[in-house]
Each structure stands twice: as structure tokens, then as C-alpha cells.
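As stored in data_3.pdb (PDB, C-alpha atoms and all ligand atoms):
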```pdb
ATOM      1  CA  MET V   1     145.161 119.961 111.837
ATOM      2  CA  GLN V   2     147.899 118.087 113.638
ATOM      3  CA  ILE V   3     146.597 116.132 116.613
ATOM      4  CA  TYR V   4     148.846 114.736 119.337
ATOM      5  CA  ILE V   5     148.075 111.247 120.639
ATOM      6  CA  ASP V   6     150.528 109.584 123.026
ATOM      7  CA  GLY V   7     153.638 111.265 121.678
ATOM      8  CA  GLU V   8     152.785 111.111 117.959
ATOM      9  CA  PHE V   9     151.125 113.569 115.602
ATOM     10  CA  PHE V  10     148.257 112.620 113.299
ATOM     11  CA  SER V  11     146.056 114.372 110.757
ATOM     12  CA  GLU V  12     142.421 114.856 111.736
ATOM     13  CA  GLN V  13     141.428 111.833 109.574
ATOM     14  CA  GLU V  14     144.133 109.622 111.075
ATOM     15  CA  ALA V  15     143.694 110.662 114.717
ATOM     16  CA  LYS V  16     141.863 107.738 116.292
ATOM     17  CA  ILE V  17     141.595 106.049 119.663
ATOM     18  CA  SER V  18     140.308 102.632 120.660
ATOM     19  CA  VAL V  19     136.587 101.956 121.170
ATOM     20  CA  PHE V  20     137.786 100.220 124.367
ATOM     21  CA  ASP V  21     139.177 103.471 125.755
ATOM     22  CA  HIS V  22     137.490 104.069 129.113
ATOM     23  CA  GLY V  23     137.273 107.773 128.272
ATOM     24  CA  LEU V  24     134.630 106.738 125.732
ATOM     25  CA  LEU V  25     133.125 103.794 127.608
ATOM     26  CA  TYR V  26     132.743 105.507 130.992
ATOM     27  CA  GLY V  27     133.697 109.161 130.614
ATOM     28  CA  ASP V  28     136.672 108.141 132.728
ATOM     29  CA  GLY V  29     139.199 110.904 132.269
ATOM     30  CA  VAL V  30     139.899 114.592 132.688
ATOM     31  CA  PHE V  31     140.420 117.528 130.365
ATOM     32  CA  GLU V  32     141.256 121.180 130.020
ATOM     33  CA  GLY V  33     140.089 123.760 127.501
ATOM     34  CA  ILE V  34     142.792 126.363 126.973
ATOM     35  CA  ARG V  35     143.081 129.433 124.727
ATOM     36  CA  PHE V  36     146.062 130.838 122.937
ATOM     37  CA  TYR V  37     146.244 134.389 121.721
ATOM     38  CA  ASN V  38     148.861 135.546 119.253
ATOM     39  CA  GLY V  39     150.593 132.167 119.570
ATOM     40  CA  LYS V  40     150.883 132.516 123.356
ATOM     41  CA  VAL V  41     149.054 130.046 125.611
ATOM     42  CA  PHE V  42     146.889 131.939 128.117
ATOM     43  CA  CYS V  43     147.197 130.904 131.786
ATOM     44  CA  CYS V  44     149.060 127.761 130.744
ATOM     45  CA  ASP V  45     150.463 126.909 134.176
ATOM     46  CA  GLU V  46     147.087 127.399 135.884
ATOM     47  CA  HIS V  47     145.392 125.030 133.418
ATOM     48  CA  LEU V  48     148.109 122.419 133.821
ATOM     49  CA  GLU V  49     147.886 122.635 137.591
ATOM     50  CA  ARG V  50     144.110 122.132 137.490
ATOM     51  CA  LEU V  51     144.507 119.207 135.080
ATOM     52  CA  TYR V  52     146.980 117.447 137.380
ATOM     53  CA  HIS V  53     144.695 118.091 140.359
ATOM     54  CA  SER V  54     141.672 116.705 138.479
ATOM     55  CA  ALA V  55     143.708 113.630 137.521
ATOM     56  CA  ARG V  56     144.967 113.121 141.054
ATOM     57  CA  ALA V  57     141.429 113.367 142.404
ATOM     58  CA  ILE V  58     140.332 110.436 140.203
ATOM     59  CA  LEU V  59     143.548 108.454 140.827
ATOM     60  CA  LEU V  60     144.671 108.849 137.238
ATOM     61  CA  GLU V  61     148.403 109.139 136.821
ATOM     62  CA  ILE V  62     149.300 111.344 133.865
ATOM     63  CA  PRO V  63     152.178 109.496 132.162
ATOM     64  CA  LEU V  64     154.143 112.727 131.603
ATOM     65  CA  GLU V  65     155.799 115.170 133.943
ATOM     66  CA  VAL V  66     154.114 118.561 133.855
ATOM     67  CA  GLU V  67     157.034 120.106 131.932
ATOM     68  CA  GLU V  68     156.897 117.315 129.321
ATOM     69  CA  LEU V  69     153.172 117.795 128.867
ATOM     70  CA  LYS V  70     153.674 121.543 128.564
ATOM     71  CA  ARG V  71     156.287 120.979 125.831
ATOM     72  CA  ALA V  72     153.899 118.656 123.970
ATOM     73  CA  LEU V  73     151.141 121.260 124.260
ATOM     74  CA  LEU V  74     153.353 124.076 122.975
ATOM     75  CA  GLU V  75     154.622 121.921 120.118
ATOM     76  CA  THR V  76     151.049 121.025 119.101
ATOM     77  CA  VAL V  77     150.116 124.700 119.090
ATOM     78  CA  GLN V  78     153.183 125.586 116.991
ATOM     79  CA  ARG V  79     152.584 122.811 114.460
ATOM     80  CA  ASN V  80     149.073 124.054 113.816
ATOM     81  CA  GLN V  81     150.234 127.531 112.787
ATOM     82  CA  LEU V  82     147.200 129.329 114.108
ATOM     83  CA  SER V  83     147.778 132.582 115.936
ATOM     84  CA  ASP V  84     144.550 132.434 117.953
ATOM     85  CA  GLY V  85     142.707 129.308 118.947
ATOM     86  CA  TYR V  86     141.742 126.689 121.396
ATOM     87  CA  VAL V  87     143.560 123.661 122.817
ATOM     88  CA  ARG V  88     141.708 120.653 124.189
ATOM     89  CA  LEU V  89     143.985 118.653 126.439
ATOM     90  CA  ILE V  90     142.470 115.268 127.299
ATOM     91  CA  ILE V  91     143.757 112.469 129.506
ATOM     92  CA  THR V  92     141.613 109.342 129.478
ATOM     93  CA  ARG V  93     141.992 106.244 131.610
ATOM     94  CA  GLY V  94     143.131 104.508 128.415
ATOM     95  CA  LYS V  95     142.282 101.259 126.693
ATOM     96  CA  GLY V  96     140.894  98.493 128.916
ATOM     97  CA  SER V  97     138.356  95.722 128.973
ATOM     98  CA  LEU V  98     134.580  96.124 129.092
ATOM     99  CA  GLY V  99     133.894  96.622 132.763
ATOM    100  CA  LEU V 100     134.476  99.812 134.640
ATOM    101  CA  ASN V 101     137.423  98.779 136.785
ATOM    102  CA  PRO V 102     140.228 101.209 135.850
ATOM    103  CA  LYS V 103     142.759  98.531 136.806
ATOM    104  CA  SER V 104     142.164  96.958 133.376
ATOM    105  CA  CYS V 105     143.656 100.081 131.754
ATOM    106  CA  PRO V 106     147.448  99.923 131.868
ATOM    107  CA  LYS V 107     148.177 103.221 130.147
ATOM    108  CA  PRO V 108     146.280 106.531 130.076
ATOM    109  CA  THR V 109     145.714 108.103 126.652
ATOM    110  CA  VAL V 110     147.024 111.652 126.181
ATOM    111  CA  ILE V 111     145.345 113.695 123.451
ATOM    112  CA  ILE V 112     145.981 117.291 122.437
ATOM    113  CA  ILE V 113     143.678 118.880 119.882
ATOM    114  CA  VAL V 114     144.182 122.381 118.535
ATOM    115  CA  SER V 115     141.269 124.084 116.865
ATOM    116  CA  THR V 116     139.735 127.419 116.091
ATOM    117  CA  VAL V 117     137.531 128.564 118.913
ATOM    118  CA  ALA V 118     133.727 128.521 118.801
ATOM    119  CA  LEU V 119     132.628 131.637 120.627
ATOM    120  CA  TYR V 120     129.250 133.089 121.392
ATOM    121  CA  PRO V 121     128.298 135.272 118.426
ATOM    122  CA  LYS V 122     129.779 138.798 118.487
ATOM    123  CA  GLU V 123     126.352 140.307 119.187
ATOM    124  CA  SER V 124     126.137 138.386 122.490
ATOM    125  CA  TYR V 125     129.042 140.498 123.736
ATOM    126  CA  GLU V 126     127.315 143.698 122.654
ATOM    127  CA  LYS V 127     123.733 142.854 123.610
ATOM    128  CA  GLY V 128     124.321 140.392 126.458
ATOM    129  CA  LEU V 129     123.014 136.880 127.044
ATOM    130  CA  VAL V 130     119.553 135.659 127.919
ATOM    131  CA  VAL V 131     119.863 133.004 130.661
ATOM    132  CA  ILE V 132     117.317 130.683 132.234
ATOM    133  CA  THR V 133     117.488 128.688 135.470
ATOM    134  CA  CYS V 134     117.551 124.966 134.690
ATOM    135  CA  ALA V 135     115.483 122.340 136.483
ATOM    136  CA  THR V 136     118.533 120.045 136.226
ATOM    137  CA  ARG V 137     120.605 120.464 139.404
ATOM    138  CA  ARG V 138     124.410 120.590 139.408
ATOM    139  CA  VAL V 139     125.815 117.209 140.320
ATOM    140  CA  ALA V 140     126.280 117.048 144.107
ATOM    141  CA  PRO V 141     129.887 117.197 145.387
ATOM    142  CA  GLY V 142     129.229 113.937 147.222
ATOM    143  CA  ALA V 143     128.449 112.258 143.895
ATOM    144  CA  LEU V 144     131.236 113.792 141.806
ATOM    145  CA  SER V 145     133.133 116.887 142.812
ATOM    146  CA  PRO V 146     132.370 119.769 140.420
ATOM    147  CA  MET V 147     135.997 120.808 141.056
ATOM    148  CA  ILE V 148     137.109 117.908 138.861
ATOM    149  CA  LYS V 149     137.080 118.829 135.174
ATOM    150  CA  SER V 150     136.146 115.337 134.133
ATOM    151  CA  LEU V 151     134.939 113.844 130.868
ATOM    152  CA  ASN V 152     131.517 113.367 132.521
ATOM    153  CA  TYR V 153     129.639 116.372 131.135
ATOM    154  CA  LEU V 154     126.163 114.824 130.845
ATOM    155  CA  ASN V 155     124.922 116.927 133.755
ATOM    156  CA  ASN V 156     126.025 120.058 131.898
ATOM    157  CA  VAL V 157     124.782 118.766 128.540
ATOM    158  CA  MET V 158     121.294 118.114 129.972
ATOM    159  CA  ALA V 159     121.230 121.632 131.394
ATOM    160  CA  ARG V 160     122.419 123.100 128.087
ATOM    161  CA  LEU V 161     119.613 121.256 126.285
ATOM    162  CA  GLU V 162     117.095 122.827 128.637
ATOM    163  CA  ALA V 163     118.478 126.249 127.769
ATOM    164  CA  VAL V 164     118.365 125.458 124.039
ATOM    165  CA  HIS V 165     114.787 124.187 124.285
ATOM    166  CA  ALA V 166     113.806 127.341 126.160
ATOM    167  CA  GLY V 167     115.352 129.491 123.412
ATOM    168  CA  ALA V 168     117.896 130.925 125.872
ATOM    169  CA  ASP V 169     121.615 131.484 125.332
ATOM    170  CA  GLU V 170     122.731 129.770 128.535
ATOM    171  CA  GLY V 171     121.415 127.769 131.489
ATOM    172  CA  LEU V 172     122.070 128.426 135.164
ATOM    173  CA  LEU V 173     122.525 125.403 137.419
ATOM    174  CA  LEU V 174     121.562 125.387 141.085
ATOM    175  CA  ASN V 175     122.953 122.930 143.595
ATOM    176  CA  GLU V 176     120.815 120.499 145.614
ATOM    177  CA  GLN V 177     120.188 123.200 148.238
ATOM    178  CA  GLY V 178     118.984 125.712 145.654
ATOM    179  CA  PHE V 179     122.089 127.886 145.696
ATOM    180  CA  ILE V 180     123.578 128.994 142.393
ATOM    181  CA  ALA V 181     126.513 126.860 141.244
ATOM    182  CA  GLU V 182     127.454 127.985 137.721
ATOM    183  CA  CYS V 183     126.320 127.937 134.106
ATOM    184  CA  THR V 184     126.842 124.941 131.825
ATOM    185  CA  ALA V 185     130.437 125.832 130.896
ATOM    186  CA  ASP V 186     130.939 129.207 132.557
ATOM    187  CA  ASN V 187     131.132 130.717 136.018
ATOM    188  CA  ILE V 188     128.665 133.423 137.016
ATOM    189  CA  PHE V 189     129.242 136.807 138.647
ATOM    190  CA  ILE V 190     126.888 139.515 139.856
ATOM    191  CA  ILE V 191     127.628 143.107 140.784
ATOM    192  CA  LYS V 192     125.580 144.902 143.395
ATOM    193  CA  LYS V 193     126.474 148.361 144.707
ATOM    194  CA  GLU V 194     129.925 147.994 143.110
ATOM    195  CA  ILE V 195     130.645 144.737 144.948
ATOM    196  CA  VAL V 196     131.603 141.918 142.603
ATOM    197  CA  MET V 197     130.292 138.535 143.788
ATOM    198  CA  THR V 198     130.589 134.960 142.579
ATOM    199  CA  PRO V 199     129.484 131.666 144.158
ATOM    200  CA  PRO V 200     132.164 129.762 146.080
ATOM    201  CA  ALA V 201     133.427 126.402 144.833
ATOM    202  CA  SER V 202     131.499 124.860 147.741
ATOM    203  CA  SER V 203     128.245 125.835 145.970
ATOM    204  CA  GLY V 204     129.223 123.533 143.093
ATOM    205  CA  ALA V 205     131.265 125.863 140.906
ATOM    206  CA  LEU V 206     134.389 124.902 139.041
ATOM    207  CA  ALA V 207     137.384 126.960 140.186
ATOM    208  CA  GLY V 208     137.411 128.670 136.804
ATOM    209  CA  ILE V 209     140.622 130.154 135.526
ATOM    210  CA  SER V 210     138.834 133.017 133.774
ATOM    211  CA  ARG V 211     136.923 133.513 137.043
ATOM    212  CA  ALA V 212     140.228 134.063 138.855
ATOM    213  CA  VAL V 213     141.345 136.484 136.118
ATOM    214  CA  ALA V 214     138.061 138.443 136.395
ATOM    215  CA  CYS V 215     138.469 138.656 140.198
ATOM    216  CA  ARG V 216     141.991 140.006 139.755
ATOM    217  CA  LEU V 217     140.850 142.587 137.207
ATOM    218  CA  ALA V 218     138.017 143.715 139.504
ATOM    219  CA  LEU V 219     140.456 144.091 142.402
ATOM    220  CA  ASP V 220     142.755 146.122 140.111
ATOM    221  CA  MET V 221     139.780 148.429 139.469
ATOM    222  CA  GLY V 222     139.568 149.005 143.224
ATOM    223  CA  LEU V 223     136.351 147.009 143.578
ATOM    224  CA  GLU V 224     135.486 144.695 146.429
ATOM    225  CA  VAL V 225     135.315 141.036 145.360
ATOM    226  CA  LYS V 226     133.502 138.392 147.407
ATOM    227  CA  GLU V 227     132.725 134.698 147.113
ATOM    228  CA  VAL V 228     129.180 134.328 148.442
ATOM    229  CA  ALA V 229     126.518 131.651 148.320
ATOM    230  CA  MET V 230     123.693 133.168 146.298
ATOM    231  CA  THR V 231     120.210 132.368 145.065
ATOM    232  CA  CYS V 232     118.272 133.513 141.995
ATOM    233  CA  TYR V 233     116.940 136.398 144.103
ATOM    234  CA  ASP V 234     120.450 137.856 144.183
ATOM    235  CA  VAL V 235     120.704 137.730 140.389
ATOM    236  CA  TYR V 236     117.202 139.113 139.842
ATOM    237  CA  THR V 237     118.074 142.102 142.045
ATOM    238  CA  ALA V 238     121.673 142.617 140.873
ATOM    239  CA  ASP V 239     122.867 145.741 139.055
ATOM    240  CA  GLU V 240     124.939 143.708 136.606
ATOM    241  CA  CYS V 241     125.690 140.104 135.767
ATOM    242  CA  PHE V 242     128.302 138.404 133.608
ATOM    243  CA  LEU V 243     129.778 134.986 132.884
ATOM    244  CA  THR V 244     133.403 133.940 132.607
ATOM    245  CA  GLY V 245     134.962 130.968 130.851
ATOM    246  CA  THR V 246     137.826 130.026 128.605
ATOM    247  CA  ALA V 247     135.643 129.992 125.501
ATOM    248  CA  ALA V 248     133.375 132.887 126.521
ATOM    249  CA  GLU V 249     136.034 135.092 128.191
ATOM    250  CA  ILE V 250     133.782 137.706 129.875
ATOM    251  CA  VAL V 251     130.253 137.960 128.500
ATOM    252  CA  PRO V 252     127.410 140.124 129.877
ATOM    253  CA  VAL V 253     124.076 138.656 130.991
ATOM    254  CA  ILE V 254     121.003 140.880 130.591
ATOM    255  CA  SER V 255     118.238 138.643 131.867
ATOM    256  CA  LEU V 256     117.547 135.603 134.010
ATOM    257  CA  ASP V 257     114.223 133.782 133.675
ATOM    258  CA  HIS V 258     112.877 136.629 131.511
ATOM    259  CA  ARG V 259     113.565 139.167 134.262
ATOM    260  CA  LYS V 260     115.743 142.104 133.313
ATOM    261  CA  ILE V 261     118.956 142.387 135.307
ATOM    262  CA  GLY V 262     119.696 146.019 136.241
ATOM    263  CA  SER V 263     118.980 148.222 133.231
ATOM    264  CA  GLY V 264     118.593 145.202 130.951
ATOM    265  CA  GLN V 265     121.776 146.244 129.119
ATOM    266  CA  PRO V 266     125.396 145.169 129.664
ATOM    267  CA  GLY V 267     126.547 147.126 132.721
ATOM    268  CA  PRO V 268     129.416 149.633 132.919
ATOM    269  CA  ILE V 269     131.625 147.578 135.246
ATOM    270  CA  THR V 270     131.113 144.478 133.090
ATOM    271  CA  LYS V 271     132.126 146.475 130.017
ATOM    272  CA  GLU V 272     135.246 147.773 131.754
ATOM    273  CA  LEU V 273     136.173 144.222 132.819
ATOM    274  CA  MET V 274     135.680 143.030 129.220
ATOM    275  CA  LYS V 275     137.959 145.821 127.996
ATOM    276  CA  ARG V 276     140.646 144.936 130.527
ATOM    277  CA  PHE V 277     140.371 141.240 129.699
ATOM    278  CA  LEU V 278     140.881 142.061 126.027
ATOM    279  CA  GLU V 279     143.958 144.126 126.897
ATOM    280  CA  LEU V 280     145.340 141.192 128.842
ATOM    281  CA  THR V 281     144.942 138.798 125.905
ATOM    282  CA  THR V 282     146.228 141.186 123.251
ATOM    283  CA  LYS V 283     149.322 142.482 125.037
ATOM    284  CA  ASP V 284     152.568 140.683 124.186
TER     285      ASP V 284
HETATM  286  N1  LIG V 301     132.341 125.722 134.765
HETATM  287  C1  LIG V 301     132.356 124.648 133.972
HETATM  288  C2  LIG V 301     131.461 123.509 134.282
HETATM  289  C3  LIG V 301     133.236 124.596 132.884
HETATM  290  O1  LIG V 301     133.262 123.513 132.102
HETATM  291  C4  LIG V 301     134.004 126.827 133.461
HETATM  292  C5  LIG V 301     133.124 126.789 134.535
HETATM  293  C6  LIG V 301     134.898 128.001 133.282
HETATM  294  O2  LIG V 301     136.234 127.680 133.642
HETATM  295  P1  LIG V 301     137.510 128.322 132.931
HETATM  296  O3  LIG V 301     138.656 127.724 133.651
HETATM  297  O4  LIG V 301     137.446 127.934 131.479
HETATM  298  O5  LIG V 301     137.416 129.785 133.108
HETATM  299  C7  LIG V 301     134.068 125.704 132.611
HETATM  300  C8  LIG V 301     134.996 125.682 131.450
HETATM  301  C9  LIG V 301     134.174 123.383 125.832
HETATM  302  C10 LIG V 301     134.869 124.161 126.882
HETATM  303  O6  LIG V 301     134.786 123.070 124.807
HETATM  304  C11 LIG V 301     134.400 124.149 128.170
HETATM  305  C12 LIG V 301     135.066 124.895 129.133
HETATM  306  C13 LIG V 301     136.177 125.624 128.804
HETATM  307  C14 LIG V 301     136.646 125.602 127.518
HETATM  308  C15 LIG V 301     135.987 124.868 126.537
HETATM  309  O7  LIG V 301     132.998 123.069 126.006
HETATM  310  N2  LIG V 301     134.551 124.886 130.399
END
```
Render the structure in this file as C-alpha cells.
Amino acid sequence: MQIYIDGEFFSEQEAKISVFDHGLLYGDGVFEGIRFYNGKVFCCDEHLERLYHSARAILLEIPLEVEELKRALLETVQRNQLSDGYVRLIITRGKGSLGLNPKSCPKPTVIIIVSTVALYPKESYEKGLVVITCATRRVAPGALSPMIKSLNYLNNVMARLEAVHAGADEGLLLNEQGFIAECTADNIFIIKKEIVMTPPASSGALAGISRAVACRLALDMGLEVKEVAMTCYDVYTADECFLTGTAAEIVPVISLDHRKIGSGQPGPITKELMKRFLELTTKD
């Protein structure tokens, strides 16, 4: 593996950053998880735009113009000679002193890692996921905006642990008001009477890039698509449910809190969306 750090390439063994990097010390930084299919980076411009917005929101100036960063990303992908995989683009606050003031960090660290992608097992796509509602609430927008894809994932990690301990495949996070925000690294959708619905960003959801793709595909199918604040009741009584995310793509959900959703099998609209998503990522 060839890993990019601040303009240079290193082997996996040689790729190292300082223990004084505030990305490590404070989770001070932002990232993107991006896929490439057949050597082509999927939704590259959308991911870069979100990265620059996340950085701007935390007053972190990425030391490269967007086109320069894009070139570095494409070069890292090419050097790794994988046709399908995953890119982790990370910008940390950089090396500083102990003490959380970012002013002690003169230069952000730019890291690009290319790897094979760890997906849900194939059977999850055929059988669907078992999801539980977590007691851990999604971090409140007033504490840290869930729109920022930051290096602070402890909230999500705690929720994922709850799901693991419960023997579930994924965990659903509610916001402080009890409305559904998202899963630990995926957005959630339900379908009811052929209307495709997903929580708005204001409920605590990340503006997912796969979420936007799924909305577009649903519109192409002639379906109505709505952003609506929803509670667990809406999922329990939905006809279908699925998750979207860069790693997961589109994956069906068959139960929430041990209650069957719809027929308890991946639904027909979900399956059609999965098929169309696959077409999108396999076309050249
Ligand atoms: N919500 C959260 C909290 C996420 O972290 C999504 C929704 C889906 O967004 P996209 O833009 O991917 O459709 C995410 C995405 C990883 C990893 O390595 C995490 C994500 C994406 C890729 C890799 O854990 N999270």
C-alpha cells in the first residue's frame, strides 16, 4: 500500500504521524470515506465539497486547493493498482503542543489511505440487516454539528458497541428529542405506500452522499421522495427500510428492535434501488 502524507508517499510500515498531532490528541480534524469502482472515484466532487465544508466549519484551512487535493487523491488511487476499493481522506489540525488550542498547530496534516473495502457480509444484502435502537443519543447539533464529518466518532462508536452487544448488525441513533437521526455510519430510509422517506439533516443526520444518490434513483423510478422527521413508530409500521452509506451502498433492513419491518424480507423497491445503484457503479 502506498499512503500519501503531506505530499509524499510511504509504505504502510513507514506511514507515520506525530503523537502530538491534534487529530490523535483531540480528534481535531475531518475526513471523508470514498469508494472507487473500476479505477473511477465515485462522487469525487461531492466528497471533496463536503470535506471542504467540514473543514471550514471547524476553521481548519486545508493547505491544498481542491484541484490539488483531487490530483493527490487520484494519484494515490492509481499508485495502489486496485480496481475497486476505498479511500480515506483525512485532514487533521496537525502537530501542536499538548493543550487543545489549535493555534499551536501551524500546519494541518493531509493523509490519503487507499484500502480494500470492508463491507457487510454478502448475506446481509440478501437477507437484510437486524437493527436495534440505541440508548446513546446522536450528539446534539448545538454540541457538534452532525453535518461535520469530523474525527470525533466516539458517539457513533458507543452506539455501534451497543448494537454489537445486542447481537444486532447496526444501531439506530435518535436525537435528543427522540426523532430518528441515522445509523452509526449510514443514513436510514423507509418506504411507506411507495413514498420514500429519510430524516432531514436537522434531525441529526449527515448529508450522506449515498443518501443523495438513493434519492435520485428513487425519483428516477417515479417515486415520491420526502425528508421527514420520523420516530421509531414510522419504521415499525413501514413497508420497507434500507440504509445507505459509502461502505454499505444500499442495504436492506428487515427488523428494528426485534419487530419485523413489512414482510420481514428485503422489499421490492429496496431491491430495485440496489440494482440501480449497482448499475451506476459498474457502468463506465
Ligand atoms: N452517517 C454517518 C455518521 C456516516 O459516518 C454516513 C451517514 C453515510 O454517508 P455517505 O456520504 O458515506 O453516504 C456516514 C458515512 C468508515 C466509513 O470507514 C464511514 C462512513 C463512510 C465510509 C467509511 O467507517 N460514514
Counting all atoms listed in the file, the option among V:Ile191, V:Met1, V:Val213, V:Ala57 closest to ligand LIG 301 (chain V): V:Val213
Might you spell out which residues the PyMOL selection byres (((chain V and resi 134) around 7) and not hetatm) would select in the displayed file, as a PyMOL selection string? chain V and resi 132-133+135-136+159+162+171-173
Write the residues you've just listed into a file as an mmCIF file, in the frame of the given file, and include C-alpha atoms for each of them.
```cif
data_model
loop_
_atom_site.group_PDB
_atom_site.id
_atom_site.type_symbol
_atom_site.label_atom_id
_atom_site.label_comp_id
_atom_site.auth_asym_id
_atom_site.auth_seq_id
_atom_site.Cartn_x
_atom_site.Cartn_y
_atom_site.Cartn_z
ATOM 1 C CA ILE V 132 117.317 130.683 132.234
ATOM 2 C CA THR V 133 117.488 128.688 135.470
ATOM 3 C CA ALA V 135 115.483 122.340 136.483
ATOM 4 C CA THR V 136 118.533 120.045 136.226
ATOM 5 C CA ALA V 159 121.230 121.632 131.394
ATOM 6 C CA GLU V 162 117.095 122.827 128.637
ATOM 7 C CA GLY V 171 121.415 127.769 131.489
ATOM 8 C CA LEU V 172 122.070 128.426 135.164
ATOM 9 C CA LEU V 173 122.525 125.403 137.419
#
```
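Every residue that the PyMOL selection byres (((chain V and resi 12) around 10) and not hetatm) selects in this file is listed here: Met1, Gln2, Ile3, Tyr4, Phe9, Phe10, Ser11, Gln13, Glu14, Ala15, Lys16 and Ile113 of chain V.
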Separation of atom CA of V:Leu82 from atom CA of V:Val41, in Å and rounded to one decimal: 11.7 Å
How would you report the residues lying within 7 Å of ligand LIG 301 (chain V), as a PyMOL selection string, if you count all atoms listed in the file? chain V and resi 32-34+149+156+182-187+205-211+244-247
From the set V:Val130, V:Ala201, V:Ile188, V:Leu219, which residue has the shortest atom-to-atom contact distance to V:Ala166, counting only C-alpha atoms? V:Val130
Run the PyMOL selection byres (((chain V and resi 194-198) around 12) and not hetatm) against the file shown and list the residues it catches, as a VMD selection string. chain V and resid 179 to 183 186 to 193 199 to 208 211 to 212 214 to 219 221 to 231 234 to 235 238 to 244 267 to 270 273
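One distance worth recording is that between atom CA of V:Ala248 and atom CA of V:Asp84, which is 14.1 Å.
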Within 12 Å of V:Ile58, counting only C-alpha atoms, which residues qualify if same-chain residues fewer than 3 places away don't, as a count of residues only? 22
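Candidate residues V:Gly99, V:Pro121, V:Gly39, V:Pro106 were compared for distance to V:Ser83, and the nearest is V:Gly39, using only C-alpha atoms.
One finds atom CA of V:Gly7 at 21.0 Å from atom CA of V:Phe36.
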